[in-house]
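Visitor: Hey, dropping model_9.pdb in here, PDB, C-alpha atoms:
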```
ATOM      1  CA  MET A  86     -56.615  -5.232  31.477  1.00  0.00           C
ATOM      2  CA  LEU A  87     -55.731  -8.475  29.696  1.00  0.00           C
ATOM      3  CA  LEU A  88     -53.151 -10.967  30.917  1.00  0.00           C
ATOM      4  CA  VAL A  89     -51.135 -12.287  27.977  1.00  0.00           C
ATOM      5  CA  ASP A  90     -49.696 -15.603  29.110  1.00  0.00           C
ATOM      6  CA  SER A  91     -50.202 -17.874  26.091  1.00  0.00           C
ATOM      7  CA  ARG A  92     -49.039 -17.852  22.489  1.00  0.00           C
ATOM      8  CA  ALA A  93     -52.650 -17.322  21.292  1.00  0.00           C
ATOM      9  CA  ALA A  94     -53.105 -14.336  23.628  1.00  0.00           C
ATOM     10  CA  LEU A  95     -49.761 -12.926  22.466  1.00  0.00           C
ATOM     11  CA  GLU A  96     -50.809 -13.173  18.817  1.00  0.00           C
ATOM     12  CA  ALA A  97     -54.135 -11.463  19.632  1.00  0.00           C
ATOM     13  CA  SER A  98     -52.370  -8.631  21.468  1.00  0.00           C
ATOM     14  CA  VAL A  99     -49.943  -8.164  18.576  1.00  0.00           C
ATOM     15  CA  SER A 100     -52.896  -7.837  16.225  1.00  0.00           C
ATOM     16  CA  ALA A 101     -54.561  -5.273  18.504  1.00  0.00           C
ATOM     17  CA  LEU A 102     -51.378  -3.225  18.995  1.00  0.00           C
ATOM     18  CA  SER A 103     -50.131  -3.265  15.383  1.00  0.00           C
ATOM     19  CA  GLY A 104     -49.999   0.082  13.645  1.00  0.00           C
ATOM     20  CA  ALA A 105     -50.358   2.155  16.806  1.00  0.00           C
ATOM     21  CA  PRO A 106     -48.658   5.534  16.421  1.00  0.00           C
ATOM     22  CA  THR A 107     -47.999   5.591  20.182  1.00  0.00           C
ATOM     23  CA  LEU A 108     -47.503   2.784  22.683  1.00  0.00           C
ATOM     24  CA  TYR A 109     -47.479   3.298  26.432  1.00  0.00           C
ATOM     25  CA  LEU A 110     -45.011   0.934  28.119  1.00  0.00           C
ATOM     26  CA  ASP A 111     -43.554  -0.181  31.401  1.00  0.00           C
ATOM     27  CA  THR A 112     -41.775  -3.291  32.625  1.00  0.00           C
ATOM     28  CA  GLU A 113     -41.411  -5.252  35.816  1.00  0.00           C
ATOM     29  CA  PHE A 114     -38.108  -7.065  36.117  1.00  0.00           C
ATOM     30  CA  GLU A 115     -35.772  -8.788  38.530  1.00  0.00           C
ATOM     31  CA  SER A 116     -32.163  -7.658  38.795  1.00  0.00           C
ATOM     32  CA  ASN A 117     -29.410  -9.600  40.471  1.00  0.00           C
ATOM     33  CA  ARG A 118     -25.720 -10.256  40.001  1.00  0.00           C
ATOM     34  CA  ASP A 119     -26.514 -12.568  37.063  1.00  0.00           C
ATOM     35  CA  GLY A 120     -28.267  -9.790  35.150  1.00  0.00           C
ATOM     36  CA  THR A 121     -31.748  -8.453  34.591  1.00  0.00           C
ATOM     37  CA  ARG A 122     -34.739 -10.640  33.770  1.00  0.00           C
ATOM     38  CA  LEU A 123     -37.843  -9.205  32.148  1.00  0.00           C
ATOM     39  CA  CYS A 124     -40.851 -10.551  34.086  1.00  0.00           C
ATOM     40  CA  LEU A 125     -43.792  -8.512  32.813  1.00  0.00           C
ATOM     41  CA  LEU A 126     -44.324  -6.045  29.975  1.00  0.00           C
ATOM     42  CA  GLN A 127     -47.215  -3.630  30.292  1.00  0.00           C
ATOM     43  CA  VAL A 128     -48.263  -2.145  26.941  1.00  0.00           C
ATOM     44  CA  SER A 129     -51.230  -0.165  25.680  1.00  0.00           C
ATOM     45  CA  ARG A 130     -52.364   1.922  22.716  1.00  0.00           C
ATOM     46  CA  GLY A 131     -54.037   4.193  25.248  1.00  0.00           C
ATOM     47  CA  ASP A 132     -57.100   2.088  25.872  1.00  0.00           C
ATOM     48  CA  GLU A 133     -56.835  -1.642  26.640  1.00  0.00           C
ATOM     49  CA  ILE A 134     -53.814  -2.610  28.760  1.00  0.00           C
ATOM     50  CA  TYR A 135     -51.958  -5.821  27.902  1.00  0.00           C
ATOM     51  CA  LEU A 136     -49.860  -7.458  30.616  1.00  0.00           C
ATOM     52  CA  VAL A 137     -47.418  -9.687  28.747  1.00  0.00           C
ATOM     53  CA  ASP A 138     -46.093 -12.439  30.999  1.00  0.00           C
ATOM     54  CA  SER A 139     -42.552 -12.884  29.745  1.00  0.00           C
ATOM     55  CA  VAL A 140     -41.832 -15.531  32.386  1.00  0.00           C
ATOM     56  CA  ARG A 141     -44.543 -17.875  31.104  1.00  0.00           C
ATOM     57  CA  LEU A 142     -44.041 -17.079  27.418  1.00  0.00           C
ATOM     58  CA  THR A 143     -40.976 -18.663  25.879  1.00  0.00           C
ATOM     59  CA  GLY A 144     -40.544 -15.958  23.250  1.00  0.00           C
ATOM     60  CA  LEU A 145     -41.763 -12.450  22.607  1.00  0.00           C
ATOM     61  CA  GLU A 146     -40.661 -12.325  18.951  1.00  0.00           C
ATOM     62  CA  PRO A 147     -44.191 -11.604  17.658  1.00  0.00           C
ATOM     63  CA  LEU A 148     -43.961  -8.223  19.432  1.00  0.00           C
ATOM     64  CA  THR A 149     -40.758  -7.223  17.630  1.00  0.00           C
ATOM     65  CA  PRO A 150     -42.422  -5.760  14.494  1.00  0.00           C
ATOM     66  CA  VAL A 151     -44.910  -3.835  16.659  1.00  0.00           C
ATOM     67  CA  LEU A 152     -42.445  -2.387  19.164  1.00  0.00           C
ATOM     68  CA  GLY A 153     -39.678  -2.138  16.579  1.00  0.00           C
ATOM     69  CA  ASN A 154     -41.756  -0.055  14.158  1.00  0.00           C
ATOM     70  CA  PRO A 155     -39.680   3.114  13.598  1.00  0.00           C
ATOM     71  CA  GLU A 156     -42.893   5.153  13.256  1.00  0.00           C
ATOM     72  CA  THR A 157     -44.149   4.157  16.710  1.00  0.00           C
ATOM     73  CA  LEU A 158     -43.467   6.409  19.694  1.00  0.00           C
ATOM     74  CA  TRP A 159     -42.824   4.728  23.032  1.00  0.00           C
ATOM     75  CA  VAL A 160     -44.099   6.647  26.053  1.00  0.00           C
ATOM     76  CA  LEU A 161     -42.588   5.533  29.353  1.00  0.00           C
ATOM     77  CA  HIS A 162     -41.763   6.904  32.761  1.00  0.00           C
ATOM     78  CA  ALA A 163     -38.110   6.630  33.777  1.00  0.00           C
ATOM     79  CA  GLY A 164     -37.315   4.347  30.868  1.00  0.00           C
ATOM     80  CA  GLN A 165     -33.525   4.217  31.285  1.00  0.00           C
ATOM     81  CA  GLN A 166     -33.770   0.537  32.289  1.00  0.00           C
ATOM     82  CA  ASP A 167     -36.903  -0.411  30.362  1.00  0.00           C
ATOM     83  CA  VAL A 168     -35.738   0.696  26.918  1.00  0.00           C
ATOM     84  CA  PRO A 169     -32.450  -1.271  26.813  1.00  0.00           C
ATOM     85  CA  LEU A 170     -34.100  -4.304  28.417  1.00  0.00           C
ATOM     86  CA  LEU A 171     -36.861  -4.379  25.786  1.00  0.00           C
ATOM     87  CA  ALA A 172     -34.474  -3.591  22.926  1.00  0.00           C
ATOM     88  CA  GLU A 173     -32.303  -6.553  23.915  1.00  0.00           C
ATOM     89  CA  ARG A 174     -35.162  -8.970  24.637  1.00  0.00           C
ATOM     90  CA  LEU A 175     -36.921  -8.157  21.356  1.00  0.00           C
ATOM     91  CA  ALA A 176     -33.690  -7.901  19.315  1.00  0.00           C
ATOM     92  CA  LEU A 177     -34.698  -4.508  17.965  1.00  0.00           C
ATOM     93  CA  GLY A 178     -32.575  -3.391  15.036  1.00  0.00           C
ATOM     94  CA  SER A 179     -32.673   0.289  15.954  1.00  0.00           C
ATOM     95  CA  ALA A 180     -33.440   2.456  18.939  1.00  0.00           C
ATOM     96  CA  PRO A 181     -37.102   3.357  19.404  1.00  0.00           C
ATOM     97  CA  ARG A 182     -38.491   6.880  19.425  1.00  0.00           C
ATOM     98  CA  VAL A 183     -39.055   7.641  23.100  1.00  0.00           C
ATOM     99  CA  PHE A 184     -40.974  10.216  25.136  1.00  0.00           C
ATOM    100  CA  ASP A 185     -39.918   9.760  28.756  1.00  0.00           C
ATOM    101  CA  THR A 186     -42.314  11.512  31.121  1.00  0.00           C
ATOM    102  CA  GLN A 187     -39.668  11.770  33.842  1.00  0.00           C
ATOM    103  CA  VAL A 188     -37.271  13.513  31.432  1.00  0.00           C
ATOM    104  CA  ALA A 189     -40.018  15.815  30.108  1.00  0.00           C
ATOM    105  CA  TRP A 190     -40.947  16.811  33.669  1.00  0.00           C
ATOM    106  CA  ALA A 191     -37.289  17.564  34.445  1.00  0.00           C
ATOM    107  CA  MET A 192     -37.024  19.735  31.327  1.00  0.00           C
ATOM    108  CA  LEU A 193     -40.069  21.735  32.381  1.00  0.00           C
ATOM    109  CA  GLY A 194     -38.913  22.574  35.885  1.00  0.00           C
ATOM    110  CA  PRO A 195     -36.408  22.127  38.677  1.00  0.00           C
ATOM    111  CA  GLU A 196     -37.424  18.575  39.644  1.00  0.00           C
ATOM    112  CA  TYR A 197     -35.782  15.607  37.971  1.00  0.00           C
ATOM    113  CA  SER A 198     -35.905  11.916  38.982  1.00  0.00           C
ATOM    114  CA  VAL A 199     -39.508  12.008  40.236  1.00  0.00           C
ATOM    115  CA  SER A 200     -41.629   8.913  40.775  1.00  0.00           C
ATOM    116  CA  LEU A 201     -44.557   8.066  38.551  1.00  0.00           C
ATOM    117  CA  ALA A 202     -46.952   8.309  41.521  1.00  0.00           C
ATOM    118  CA  TYR A 203     -45.675  11.836  42.217  1.00  0.00           C
ATOM    119  CA  LEU A 204     -46.045  12.831  38.568  1.00  0.00           C
ATOM    120  CA  ILE A 205     -49.586  11.438  38.365  1.00  0.00           C
ATOM    121  CA  TYR A 206     -50.475  13.534  41.394  1.00  0.00           C
ATOM    122  CA  ARG A 207     -48.738  16.710  40.187  1.00  0.00           C
ATOM    123  CA  VAL A 208     -50.094  16.560  36.622  1.00  0.00           C
ATOM    124  CA  LEU A 209     -53.481  14.890  37.072  1.00  0.00           C
ATOM    125  CA  GLY A 210     -54.267  15.384  40.766  1.00  0.00           C
ATOM    126  CA  ILE A 211     -54.723  11.632  41.287  1.00  0.00           C
ATOM    127  CA  ARG A 212     -53.157   9.806  44.230  1.00  0.00           C
ATOM    128  CA  THR A 213     -51.804   6.314  43.521  1.00  0.00           C
ATOM    129  CA  GLY A 214     -49.768   3.851  45.535  1.00  0.00           C
ATOM    130  CA  LYS A 215     -46.501   2.002  44.987  1.00  0.00           C
ATOM    131  CA  SER A 216     -47.361  -0.905  47.270  1.00  0.00           C
ATOM    132  CA  HIS A 217     -46.159  -3.649  44.902  1.00  0.00           C
ATOM    133  CA  GLN A 218     -43.085  -1.936  43.459  1.00  0.00           C
ATOM    134  CA  ALA A 219     -40.615  -4.233  45.247  1.00  0.00           C
ATOM    135  CA  ASP A 220     -42.655  -7.443  44.896  1.00  0.00           C
ATOM    136  CA  ASP A 221     -41.323 -10.738  43.558  1.00  0.00           C
ATOM    137  CA  TRP A 222     -42.205 -10.489  39.867  1.00  0.00           C
ATOM    138  CA  ILE A 223     -40.864 -13.952  38.979  1.00  0.00           C
ATOM    139  CA  ARG A 224     -43.289 -15.914  41.200  1.00  0.00           C
ATOM    140  CA  ARG A 225     -46.279 -17.343  39.330  1.00  0.00           C
ATOM    141  CA  PRO A 226     -49.172 -17.011  39.288  1.00  0.00           C
ATOM    142  CA  LEU A 227     -49.124 -13.256  39.791  1.00  0.00           C
ATOM    143  CA  PRO A 228     -51.803 -12.210  42.284  1.00  0.00           C
ATOM    144  CA  ALA A 229     -54.635  -9.963  41.078  1.00  0.00           C
ATOM    145  CA  ALA A 230     -53.325  -7.084  43.208  1.00  0.00           C
ATOM    146  CA  GLN A 231     -49.923  -7.257  41.497  1.00  0.00           C
ATOM    147  CA  LEU A 232     -51.539  -7.325  38.048  1.00  0.00           C
ATOM    148  CA  ALA A 233     -53.708  -4.315  38.933  1.00  0.00           C
ATOM    149  CA  TYR A 234     -50.627  -2.474  40.204  1.00  0.00           C
ATOM    150  CA  ALA A 235     -48.754  -3.242  36.963  1.00  0.00           C
ATOM    151  CA  ALA A 236     -51.673  -2.028  34.828  1.00  0.00           C
ATOM    152  CA  GLY A 237     -51.819   1.131  36.930  1.00  0.00           C
ATOM    153  CA  ASP A 238     -48.243   1.928  35.941  1.00  0.00           C
ATOM    154  CA  ILE A 239     -49.399   2.759  32.403  1.00  0.00           C
ATOM    155  CA  GLU A 240     -53.063   3.611  32.940  1.00  0.00           C
ATOM    156  CA  HIS A 241     -52.403   7.354  33.286  1.00  0.00           C
ATOM    157  CA  LEU A 242     -49.503   7.643  30.807  1.00  0.00           C
ATOM    158  CA  PRO A 243     -51.737   8.813  27.902  1.00  0.00           C
ATOM    159  CA  ALA A 244     -53.060  11.780  29.905  1.00  0.00           C
ATOM    160  CA  ILE A 245     -49.629  12.619  31.363  1.00  0.00           C
ATOM    161  CA  HIS A 246     -48.044  12.385  27.914  1.00  0.00           C
ATOM    162  CA  ALA A 247     -50.660  14.693  26.381  1.00  0.00           C
ATOM    163  CA  GLU A 248     -50.232  17.305  29.105  1.00  0.00           C
ATOM    164  CA  LEU A 249     -46.423  17.212  29.191  1.00  0.00           C
ATOM    165  CA  ALA A 250     -46.189  17.281  25.389  1.00  0.00           C
ATOM    166  CA  ARG A 251     -48.463  20.343  25.417  1.00  0.00           C
ATOM    167  CA  ARG A 252     -46.290  22.051  28.048  1.00  0.00           C
ATOM    168  CA  CYS A 253     -43.093  21.190  26.144  1.00  0.00           C
ATOM    169  CA  ALA A 254     -44.543  22.616  22.905  1.00  0.00           C
ATOM    170  CA  GLU A 255     -45.593  25.760  24.775  1.00  0.00           C
ATOM    171  CA  LEU A 256     -42.100  26.132  26.245  1.00  0.00           C
ATOM    172  CA  TRP A 257     -40.517  25.584  22.824  1.00  0.00           C
ATOM    173  CA  THR A 258     -42.738  28.292  21.313  1.00  0.00           C
ATOM    174  CA  GLN A 259     -41.762  30.653  24.131  1.00  0.00           C
ATOM    175  CA  ILE A 260     -38.051  29.953  23.623  1.00  0.00           C
ATOM    176  CA  LYS A 261     -38.301  30.496  19.864  1.00  0.00           C
ATOM    177  CA  THR A 262     -40.189  33.769  20.404  1.00  0.00           C
ATOM    178  CA  GLU A 263     -37.625  35.065  22.907  1.00  0.00           C
ATOM    179  CA  ASP A 264     -34.798  33.971  20.618  1.00  0.00           C
ATOM    180  CA  GLY A 265     -36.348  35.742  17.652  1.00  0.00           C
ATOM    181  CA  SER A 266     -36.429  32.592  15.548  1.00  0.00           C
TER     182      SER A 266
END
```
Transcribe the structure of this file into structure tokens.

Guide:
Amino acid sequence: MLLVDSRAALEASVSALSGAPTLYLDTEFESNRDGTRLCLLQVSRGDEIYLVDSVRLTGLEPLTPVLGNPETLWVLHAGQQDVPLLAERLALGSAPRVFDTQVAWAMLGPEYSVSLAYLIYRVLGIRTGKSHQADDWIRRPLPAAQLAYAAGDIEHLPAIHAELARRCAELWTQIKTEDGS
């Protein structure tokens, strides 16, 4: 896990993330009556996790070509707030391609609106905690425990994505076979 809290670190992360066919994403933000403020962006190609400190960094524009690449798939869990927040903050010209693990899980069975911790347990058999979910994400410096929690939010997304994509493809094949297509 790498904390990206300087312009040099941001440029290095952009270089490392460029050209990725899939990016695993999550955000930590503060919402109040004045709006929503992006505090931390967690992003990975599936290996190294970058924690982009959008409170300390004055601009995230270098990430726009990487996250705005129309060929890149975003994998998130419950991204209904994350996607618009990132699209606005990065001034993306078009909507990203998205695989939402919460939506995929809902399509595969009777449960919808499940937590990431629950999904990690159900799909991978790993128990995780949500101890820092309601923390103050604006306060700096972020404690090591908060950073580890944030990294954990995307650590298992590659494996969950692979398994849910496999199950969705299997279901699609079954539907096509039953339909006679």

Visitor: Which of these residues is nearest to A:Ala105, using all atoms listed in the file: A:Leu142, A:His241, A:Val137, A:Asn154?

Guide: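 Selected residue with least distance to A:Ala105: A:Asn154.
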
Visitor: Using only C-alpha atoms, which residue out of A:Asp238, A:Glu196, A:Glu156, A:Asp220 lies closest to A:Cys124?

Guide: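 Using only C-alpha atoms, the shortest distance to A:Cys124 belongs to A:Asp220.
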
Visitor: Taking all atoms listed in the file into account, name the residue in A:Tyr234, A:Ala250, A:Leu227, A:Gly214 that is nearest to A:Val188.

Guide: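 Smallest separation from A:Val188 among the options: A:Ala250.
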
Visitor: Could you tell me, as a PDB file with C-alpha atoms, keeping the file's coordinate frame, which residues have any atom at most 9 Å from (-56.3, 3.2, 29.0), counting only C-alpha atoms?

Guide:
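The result, stored in selection_11.pdb:
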```
ATOM      1  CA  MET A  86     -56.615  -5.232  31.477  1.00  0.00           C
ATOM      2  CA  SER A 129     -51.230  -0.165  25.680  1.00  0.00           C
ATOM      3  CA  ARG A 130     -52.364   1.922  22.716  1.00  0.00           C
ATOM      4  CA  GLY A 131     -54.037   4.193  25.248  1.00  0.00           C
ATOM      5  CA  ASP A 132     -57.100   2.088  25.872  1.00  0.00           C
ATOM      6  CA  GLU A 133     -56.835  -1.642  26.640  1.00  0.00           C
ATOM      7  CA  ILE A 134     -53.814  -2.610  28.760  1.00  0.00           C
ATOM      8  CA  ILE A 239     -49.399   2.759  32.403  1.00  0.00           C
ATOM      9  CA  GLU A 240     -53.063   3.611  32.940  1.00  0.00           C
ATOM     10  CA  HIS A 241     -52.403   7.354  33.286  1.00  0.00           C
ATOM     11  CA  LEU A 242     -49.503   7.643  30.807  1.00  0.00           C
ATOM     12  CA  PRO A 243     -51.737   8.813  27.902  1.00  0.00           C
TER      13      PRO A 243
END
```

Visitor: Report as an mmCIF file with C-alpha atoms, keeping the file's coordinate frame all protein, DNA and RNA residues lying within 6 Å of A:Tyr109, evaluated on only C-alpha atoms, omitting residues in the same chain fewer than 3 positions from it.

Guide:
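Writing done, so here's around07.cif:
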```cif
data_model
loop_
_atom_site.group_PDB
_atom_site.id
_atom_site.type_symbol
_atom_site.label_atom_id
_atom_site.label_comp_id
_atom_site.auth_asym_id
_atom_site.auth_seq_id
_atom_site.Cartn_x
_atom_site.Cartn_y
_atom_site.Cartn_z
ATOM 1 C CA VAL A 128 -48.263 -2.145 26.941
ATOM 2 C CA SER A 129 -51.230 -0.165 25.680
ATOM 3 C CA TRP A 159 -42.824 4.728 23.032
ATOM 4 C CA VAL A 160 -44.099 6.647 26.053
#
```

Visitor: From the options A:Ile245, A:Leu87, A:Ala101, A:Leu123, which residue's atoms come nearest to A:Ala189, counting only C-alpha atoms?

Guide: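 Ranking A:Ile245, A:Leu87, A:Ala101, A:Leu123 by distance to A:Ala189, first place goes to A:Ile245.
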
Visitor: Which residue gives the smallest distance to A:Ser91 among A:Ala244, A:Val140, A:Ala202, A:Leu126, with all atoms listed in the file counted?

Guide: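 Selected residue with least distance to A:Ser91: A:Val140.
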
Visitor: In Å, rounded to a single decimal, give me how far atom CA of A:Gly104 is from atom CA of A:Ala163.

Guide: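 Taking atom CA of A:Ala163 and atom CA of A:Gly104, their separation equals 24.3 Å.
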
Visitor: Between atom CA of A:Glu173 and atom CA of A:Pro106, what distance in Å does the model show, to one decimal?

Guide: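 According to the coordinates, atom CA of A:Glu173 and atom CA of A:Pro106 are separated by 21.7 Å.
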
Visitor: Would you kindly translate the PyMOL selection byres ((chain A and resi 249) around 9) into the concrete residues it picks from this file, as number ranges by chain?

Guide: A: 186, 189-190, 193, 208, 244-248, 250-254

Visitor: My list of candidates is A:Trp257, A:Tyr203, A:Phe114, A:Tyr197. Which is closest to A:Asp167 when distances are computed with all atoms listed in the file?

Guide: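 Among A:Trp257, A:Tyr203, A:Phe114, A:Tyr197, it is A:Phe114 that comes nearest to A:Asp167.
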
Visitor: Could you list, as a ChimeraX atom specification, every residue matched by the PyMOL selection byres ((chain A and resi 166) around 10) in this structure?

Guide: /A:111-112,114,121,163-165,167-171

Visitor: Find the distance between atom CA of A:Ala176 and atom CA of A:Thr149 and write it in Å to one decimal.

Guide: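 Answer for the atom CA of A:Ala176 to atom CA of A:Thr149 separation: 7.3 Å.
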
Visitor: If the box runs along x, y and z of the file and leaves 3 Å on each side of stretch 228-234 of chain A, what are its centre and edge lengths in Å, one decimal, as lines of an AutoDock Vina configuration file?

Guide:
```
center_x = -52.3
center_y = -7.3
center_z = 40.6
size_x = 10.7
size_y = 15.7
size_z = 11.2
```
